[in-house]
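Below is one structure, written out as structure tokens; comments come after it.
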Amino acid sequence: MTAKLWQDIKSSLCNRLKQDLTLEGYHPVGGGDINASFRLNTSGGSFFVKQNSVGKPDMFHAEAAGLACLASFNQLRCPEPLVCGEYEGTCYLVMTFLPLAGAPNDELLGKQLASLHRESATTHLPADARSPRPPASTPFGLQHDNYIGLTPQANRPAKHWLNFWMEQRLEPQLRLAIDNGYSAVARLQAGLEKNTETLLRGHQPPACAVHGDLWSGNKGVCEDGIPAIFDPALYFGDREVDIALSRLFGGFGPGFYHQYNATWPLDADYEQREPLYNLYHLLNHLNLFGPGYLAACVNTMEKIDRLTAARR
């Protein structure tokens, strides 16, 4: 099975590159909890391969589309998706290999991320079926759904940011958590919905291309010192979601935030929305990985309640 899978990957890659390649070997590389990752060495160079057998063949197609969209703005380096395929139930995605061996360079990453957000908020992509941007009348979302980890992520275009965040981010995760038996989340749901309306009412940010899953494990620095990002859960939304998540699990130095704000300053009241945006990811971790994240979810929902009460 393994040998046939790699032959299928090689054949797909040869067809994509329009050249003959000889397999020279492959070995696992470190990654997340969702996919198996490999460095594939060939006569034409090295490639990065992700594999998954969870029965979601569209997951890698969605990731490839997100990478292509990020690259289209020419602000941040990311791997180029080359081939998506499936062989006997195993899906795979082949990308260019980025040698992530450079010293940390969060200052440049912060500047480049701010440039990506600003550029994508003002650039109009081609208005055809391949364009990921929502119609101008409904600026938030994406033209297709994708995934946050293994969880489906709806991106139906929406006119108002409040509606998008409540209906397509928080509510699906809340329903999953309640269906999974987390009564503490159910107890706080009604209050959270009211608080979300209070915190986001009147907040209509520019719709930027956001990475959507920007924690420290999804960034690196190439050997030439240029930062790179990967594993996106991309959509067009409030740029603050990327900054919020970067602070949730740590791994970003102070230079990242200094250079981001020097390039495109955040709004003065950003920190009031940060826990609301990070709750989405905490709920997703709760639904994916279990009750170890329950206390963080409850604490964050209670913090949102306190922040909202202070505004009244």
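Residue numbers start at 1 in each chain; chains themselves are named A, B, ... in the order of the structure tokens; ligands are numbered from 1 in the order shown.
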ask   = So which residues touch region 91-93 of chain A within 7 Å, counting only C-alpha atoms, skipping near sequence neighbours fewer than 5 positions away, as a list of chain:residue names?
value = A:Val49, A:Lys50, A:Gln51, A:Asn52, A:Ser53, A:Pro57, A:Phe60, A:Val83, A:Cys84, A:Gly85, A:Glu86
Take the residues that were just selected and, keeping N, CA and C atoms, output them as a PDB file, in the first residue's frame.
```
ATOM      1  N   VAL A  49       4.904  16.844   1.557  1.00  0.00           N
ATOM      2  CA  VAL A  49       3.700  16.043   1.315  1.00  0.00           C
ATOM      3  C   VAL A  49       2.929  15.881   2.621  1.00  0.00           C
ATOM      4  N   LYS A  50       1.624  16.152   2.561  1.00  0.00           N
ATOM      5  CA  LYS A  50       0.727  15.897   3.684  1.00  0.00           C
ATOM      6  C   LYS A  50      -0.223  14.776   3.290  1.00  0.00           C
ATOM      7  N   GLN A  51      -0.504  13.893   4.234  1.00  0.00           N
ATOM      8  CA  GLN A  51      -1.417  12.773   3.983  1.00  0.00           C
ATOM      9  C   GLN A  51      -2.432  12.680   5.108  1.00  0.00           C
ATOM     10  N   ASN A  52      -3.623  12.214   4.736  1.00  0.00           N
ATOM     11  CA  ASN A  52      -4.672  12.031   5.725  1.00  0.00           C
ATOM     12  C   ASN A  52      -5.646  10.984   5.243  1.00  0.00           C
ATOM     13  N   SER A  53      -6.148  10.169   6.159  1.00  0.00           N
ATOM     14  CA  SER A  53      -7.096   9.113   5.813  1.00  0.00           C
ATOM     15  C   SER A  53      -8.417   9.274   6.553  1.00  0.00           C
ATOM     16  N   PRO A  57     -11.980  14.274   1.489  1.00  0.00           N
ATOM     17  CA  PRO A  57     -11.134  14.544   0.324  1.00  0.00           C
ATOM     18  C   PRO A  57     -11.080  16.006  -0.087  1.00  0.00           C
ATOM     19  N   PHE A  60      -7.860  19.020   1.651  1.00  0.00           N
ATOM     20  CA  PHE A  60      -6.616  19.499   1.071  1.00  0.00           C
ATOM     21  C   PHE A  60      -6.873  20.434  -0.105  1.00  0.00           C
ATOM     22  N   VAL A  83      -0.139  19.554  -6.098  1.00  0.00           N
ATOM     23  CA  VAL A  83      -1.006  18.425  -6.445  1.00  0.00           C
ATOM     24  C   VAL A  83      -1.871  18.057  -5.247  1.00  0.00           C
ATOM     25  N   CYS A  84      -3.165  17.887  -5.480  1.00  0.00           N
ATOM     26  CA  CYS A  84      -4.061  17.228  -4.526  1.00  0.00           C
ATOM     27  C   CYS A  84      -4.506  15.912  -5.154  1.00  0.00           C
ATOM     28  N   GLY A  85      -4.482  14.850  -4.376  1.00  0.00           N
ATOM     29  CA  GLY A  85      -4.892  13.564  -4.927  1.00  0.00           C
ATOM     30  C   GLY A  85      -5.422  12.642  -3.852  1.00  0.00           C
ATOM     31  N   GLU A  86      -5.850  11.457  -4.279  1.00  0.00           N
ATOM     32  CA  GLU A  86      -6.346  10.445  -3.358  1.00  0.00           C
ATOM     33  C   GLU A  86      -6.023   9.077  -3.919  1.00  0.00           C
TER      34      GLU A  86
END
```
task = Once DSSP has gone over the backbone, tell me which residues of region 76-269 of chain A are in alpha helix (DSSP H), as a VMD selection string.
result = chain A and resid 106 to 122 161 to 165 171 to 179 183 to 200 240 to 248 254 to 263
key: For region 168-178 of chain A: contacts at 7 Å, only C-alpha atoms, fewer than 6 positions along chain excluded, given as a ChimeraX atom specification   = /A:154-155,185-186,280,283-284,287
Given the selection you just returned, output its residues as a file containing C-alpha atoms, formatted as a JSON list (two decimals), in the first residue's frame.
```
[["chain", "number", "residue", "atom", "x", "y", "z"],
["A", 154, "ALA", "CA", -18.66, 27.63, 6.87],
["A", 155, "ASN", "CA", -17.81, 30.78, 4.91],
["A", 185, "VAL", "CA", -21.12, 25.80, 27.71],
["A", 186, "ALA", "CA", -24.89, 25.43, 27.34],
["A", 280, "TYR", "CA", -13.85, 30.22, 18.55],
["A", 283, "LEU", "CA", -14.29, 25.79, 21.46],
["A", 284, "ASN", "CA", -12.85, 24.08, 18.40],
["A", 287, "ASN", "CA", -14.68, 19.75, 20.28]]
```
inquiry  = List as a list of chain:residue names the protein and nucleic acid residues near Glu302 (chain A), meaning an atom at most 12 Å away when only C-alpha atoms are counted, but skip any in the same chain fewer than 4 places from it.
reply    =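 Counting only the stated atoms, we get A:Ala184, A:Val185, A:Arg187, A:Leu188, A:Gln189, A:Gly191, A:Leu192, A:Asn195, A:Pro275, A:Leu276, A:Leu279, A:Ala295, A:Ala296, A:Cys297, A:Val298, A:Arg306, A:Leu307, A:Thr308, A:Ala309.
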Near-His211 (chain A) list (7 Å; only C-alpha atoms; drop same-chain fewer than 2 positions) as a list in words =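 The filter keeps Ala209, Asp213, Leu214, Pro232, Ala233, Leu234 and Asp242 of chain A.
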message = Which residues are near region 30-47 of chain A? Cut-off 8 Å, only C-alpha atoms, ignore same chain within fewer than 2 positions. Put them as a list in words.
response = Leu21, Thr22, Leu23, Glu24, Gly25, Tyr26, His27, Pro28, Val49, Lys50, Gln51, Asn52, Val94, Met95, Thr96, Phe97, Gly149, Leu150 and Gly217 of chain A
Mind writing the picked residues with N, CA, C and O atoms as a PDB file, in the first residue's frame?
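Wrote part33.pdb, looks like this:
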```
ATOM      1  N   LEU A  21      10.300  12.276 -12.958  1.00  0.00           N
ATOM      2  CA  LEU A  21      10.997  12.347 -11.677  1.00  0.00           C
ATOM      3  C   LEU A  21      11.306  10.936 -11.191  1.00  0.00           C
ATOM      4  O   LEU A  21      10.522  10.012 -11.426  1.00  0.00           O
ATOM      5  N   THR A  22      12.408  10.809 -10.527  1.00  0.00           N
ATOM      6  CA  THR A  22      12.754   9.557  -9.867  1.00  0.00           C
ATOM      7  C   THR A  22      12.649   9.747  -8.367  1.00  0.00           C
ATOM      8  O   THR A  22      13.186  10.719  -7.819  1.00  0.00           O
ATOM      9  N   LEU A  23      11.946   8.837  -7.690  1.00  0.00           N
ATOM     10  CA  LEU A  23      11.848   8.920  -6.237  1.00  0.00           C
ATOM     11  C   LEU A  23      13.184   8.535  -5.611  1.00  0.00           C
ATOM     12  O   LEU A  23      13.751   7.488  -5.921  1.00  0.00           O
ATOM     13  N   GLU A  24      13.673   9.366  -4.719  1.00  0.00           N
ATOM     14  CA  GLU A  24      14.938   9.101  -4.044  1.00  0.00           C
ATOM     15  C   GLU A  24      14.750   8.814  -2.556  1.00  0.00           C
ATOM     16  O   GLU A  24      15.719   8.500  -1.869  1.00  0.00           O
ATOM     17  N   GLY A  25      13.529   8.937  -2.062  1.00  0.00           N
ATOM     18  CA  GLY A  25      13.263   8.635  -0.659  1.00  0.00           C
ATOM     19  C   GLY A  25      12.348   9.660  -0.037  1.00  0.00           C
ATOM     20  O   GLY A  25      12.078  10.726  -0.599  1.00  0.00           O
ATOM     21  N   TYR A  26      11.859   9.303   1.143  1.00  0.00           N
ATOM     22  CA  TYR A  26      11.006  10.216   1.890  1.00  0.00           C
ATOM     23  C   TYR A  26      11.188   9.917   3.364  1.00  0.00           C
ATOM     24  O   TYR A  26      11.563   8.806   3.762  1.00  0.00           O
ATOM     25  N   HIS A  27      10.931  10.930   4.198  1.00  0.00           N
ATOM     26  CA  HIS A  27      10.987  10.709   5.638  1.00  0.00           C
ATOM     27  C   HIS A  27      10.017  11.641   6.334  1.00  0.00           C
ATOM     28  O   HIS A  27       9.748  12.749   5.845  1.00  0.00           O
ATOM     29  N   PRO A  28       9.462  11.197   7.466  1.00  0.00           N
ATOM     30  CA  PRO A  28       8.500  12.036   8.190  1.00  0.00           C
ATOM     31  C   PRO A  28       9.163  13.306   8.717  1.00  0.00           C
ATOM     32  O   PRO A  28      10.350  13.333   9.049  1.00  0.00           O
ATOM     33  N   VAL A  49       4.904  16.844   1.557  1.00  0.00           N
ATOM     34  CA  VAL A  49       3.700  16.043   1.315  1.00  0.00           C
ATOM     35  C   VAL A  49       2.929  15.881   2.621  1.00  0.00           C
ATOM     36  O   VAL A  49       3.500  15.511   3.647  1.00  0.00           O
ATOM     37  N   LYS A  50       1.624  16.152   2.561  1.00  0.00           N
ATOM     38  CA  LYS A  50       0.727  15.897   3.684  1.00  0.00           C
ATOM     39  C   LYS A  50      -0.223  14.776   3.290  1.00  0.00           C
ATOM     40  O   LYS A  50      -0.706  14.743   2.153  1.00  0.00           O
ATOM     41  N   GLN A  51      -0.504  13.893   4.234  1.00  0.00           N
ATOM     42  CA  GLN A  51      -1.417  12.773   3.983  1.00  0.00           C
ATOM     43  C   GLN A  51      -2.432  12.680   5.108  1.00  0.00           C
ATOM     44  O   GLN A  51      -2.139  13.007   6.255  1.00  0.00           O
ATOM     45  N   ASN A  52      -3.623  12.214   4.736  1.00  0.00           N
ATOM     46  CA  ASN A  52      -4.672  12.031   5.725  1.00  0.00           C
ATOM     47  C   ASN A  52      -5.646  10.984   5.243  1.00  0.00           C
ATOM     48  O   ASN A  52      -5.953  10.926   4.045  1.00  0.00           O
ATOM     49  N   VAL A  94       0.627  17.826  -2.185  1.00  0.00           N
ATOM     50  CA  VAL A  94       2.060  18.015  -2.441  1.00  0.00           C
ATOM     51  C   VAL A  94       2.308  19.503  -2.657  1.00  0.00           C
ATOM     52  O   VAL A  94       1.605  20.155  -3.443  1.00  0.00           O
ATOM     53  N   MET A  95       3.305  20.022  -1.967  1.00  0.00           N
ATOM     54  CA  MET A  95       3.655  21.441  -2.050  1.00  0.00           C
ATOM     55  C   MET A  95       5.158  21.595  -2.262  1.00  0.00           C
ATOM     56  O   MET A  95       5.915  20.644  -2.090  1.00  0.00           O
ATOM     57  N   THR A  96       5.560  22.785  -2.639  1.00  0.00           N
ATOM     58  CA  THR A  96       6.983  23.082  -2.655  1.00  0.00           C
ATOM     59  C   THR A  96       7.533  22.953  -1.240  1.00  0.00           C
ATOM     60  O   THR A  96       6.826  23.188  -0.255  1.00  0.00           O
ATOM     61  N   PHE A  97       8.774  22.565  -1.143  1.00  0.00           N
ATOM     62  CA  PHE A  97       9.412  22.378   0.163  1.00  0.00           C
ATOM     63  C   PHE A  97      10.114  23.661   0.573  1.00  0.00           C
ATOM     64  O   PHE A  97      10.942  24.201  -0.180  1.00  0.00           O
ATOM     65  N   GLY A 149      -8.737  22.932  11.410  1.00  0.00           N
ATOM     66  CA  GLY A 149      -8.362  21.596  11.826  1.00  0.00           C
ATOM     67  C   GLY A 149      -9.172  20.595  11.020  1.00  0.00           C
ATOM     68  O   GLY A 149      -9.209  20.649   9.788  1.00  0.00           O
ATOM     69  N   LEU A 150      -9.843  19.686  11.716  1.00  0.00           N
ATOM     70  CA  LEU A 150     -10.733  18.728  11.047  1.00  0.00           C
ATOM     71  C   LEU A 150     -12.193  19.177  11.053  1.00  0.00           C
ATOM     72  O   LEU A 150     -13.048  18.465  10.536  1.00  0.00           O
ATOM     73  N   GLY A 217       2.695  27.307  15.508  1.00  0.00           N
ATOM     74  CA  GLY A 217       3.005  26.114  14.727  1.00  0.00           C
ATOM     75  C   GLY A 217       2.776  26.267  13.249  1.00  0.00           C
ATOM     76  O   GLY A 217       3.188  25.395  12.467  1.00  0.00           O
TER      77      GLY A 217
END
```
inquiry  = List the spatial neighbours of Glu107 (chain A) as a PyMOL selection string - criterion: any atom at most 10 Å away, only C-alpha atoms, same-chain residues fewer than 5 positions off excluded.
reply    = chain A and resi 112+227+252-260
Only N, CA and C atoms, please: the residues just picked out, written as an mmCIF file, in the first residue's frame.
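Dumped to selection.cif:
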```
data_model
loop_
_atom_site.group_PDB
_atom_site.id
_atom_site.type_symbol
_atom_site.label_atom_id
_atom_site.label_comp_id
_atom_site.auth_asym_id
_atom_site.auth_seq_id
_atom_site.Cartn_x
_atom_site.Cartn_y
_atom_site.Cartn_z
ATOM 1 N N GLN A 112 5.009 42.095 7.406
ATOM 2 C CA GLN A 112 4.444 41.468 6.217
ATOM 3 C C GLN A 112 2.976 41.100 6.410
ATOM 4 N N PRO A 227 10.325 35.040 6.570
ATOM 5 C CA PRO A 227 9.286 34.255 7.232
ATOM 6 C C PRO A 227 8.356 33.588 6.223
ATOM 7 N N PHE A 252 4.934 34.223 19.607
ATOM 8 C CA PHE A 252 5.228 35.404 18.801
ATOM 9 C C PHE A 252 5.909 36.426 19.709
ATOM 10 N N GLY A 253 7.042 36.950 19.251
ATOM 11 C CA GLY A 253 7.780 37.905 20.055
ATOM 12 C C GLY A 253 7.183 39.297 20.004
ATOM 13 N N PRO A 254 7.591 40.178 20.934
ATOM 14 C CA PRO A 254 7.056 41.540 20.966
ATOM 15 C C PRO A 254 7.329 42.317 19.686
ATOM 16 N N GLY A 255 8.409 41.976 18.988
ATOM 17 C CA GLY A 255 8.699 42.668 17.737
ATOM 18 C C GLY A 255 7.632 42.455 16.681
ATOM 19 N N PHE A 256 6.967 41.303 16.729
ATOM 20 C CA PHE A 256 5.881 41.019 15.786
ATOM 21 C C PHE A 256 4.775 42.061 15.923
ATOM 22 N N TYR A 257 4.358 42.335 17.155
ATOM 23 C CA TYR A 257 3.253 43.276 17.383
ATOM 24 C C TYR A 257 3.696 44.714 17.154
ATOM 25 N N HIS A 258 4.934 45.012 17.513
ATOM 26 C CA HIS A 258 5.440 46.367 17.285
ATOM 27 C C HIS A 258 5.455 46.696 15.795
ATOM 28 N N GLN A 259 5.973 45.787 14.990
ATOM 29 C CA GLN A 259 6.059 46.055 13.563
ATOM 30 C C GLN A 259 4.686 46.004 12.890
ATOM 31 N N TYR A 260 3.802 45.140 13.377
ATOM 32 C CA TYR A 260 2.454 45.131 12.814
ATOM 33 C C TYR A 260 1.799 46.489 13.023
#
```
ask   = DSSP on the backbone: what in region 73-266 of chain A comes out strand (DSSP E or B), as a PyMOL selection string?
value = chain A and resi 77+81-87+90-96+140-141+146-148+151-153+158+208-210+219-221+227-229+235-237
request  = Between A:Cys69, A:Leu162, A:Ala207, A:Ala114, single out the one closest to Asn261 (chain A), counting only C-alpha atoms.
outcome  = A:Ala114
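Between CA of Leu67 (chain A) and CA of Ala228 (chain A) the separation is 11.2 Å.
In this structure, CA of Arg133 (chain A) sits 21.0 Å away from CA of Ile243 (chain A).
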task = Just give me the gap between CA of His285 (chain A) and CA of Gly250 (chain A) in Å, one decimal is fine.
result =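 Separating CA of His285 (chain A) from CA of Gly250 (chain A) is a distance of 15.7 Å.
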query = Looking at A:Asp224, A:Glu274, A:Asp269, A:Asp305, which one is nearest to Val241 (chain A), with distances taken over only C-alpha atoms?
reply = A:Glu274
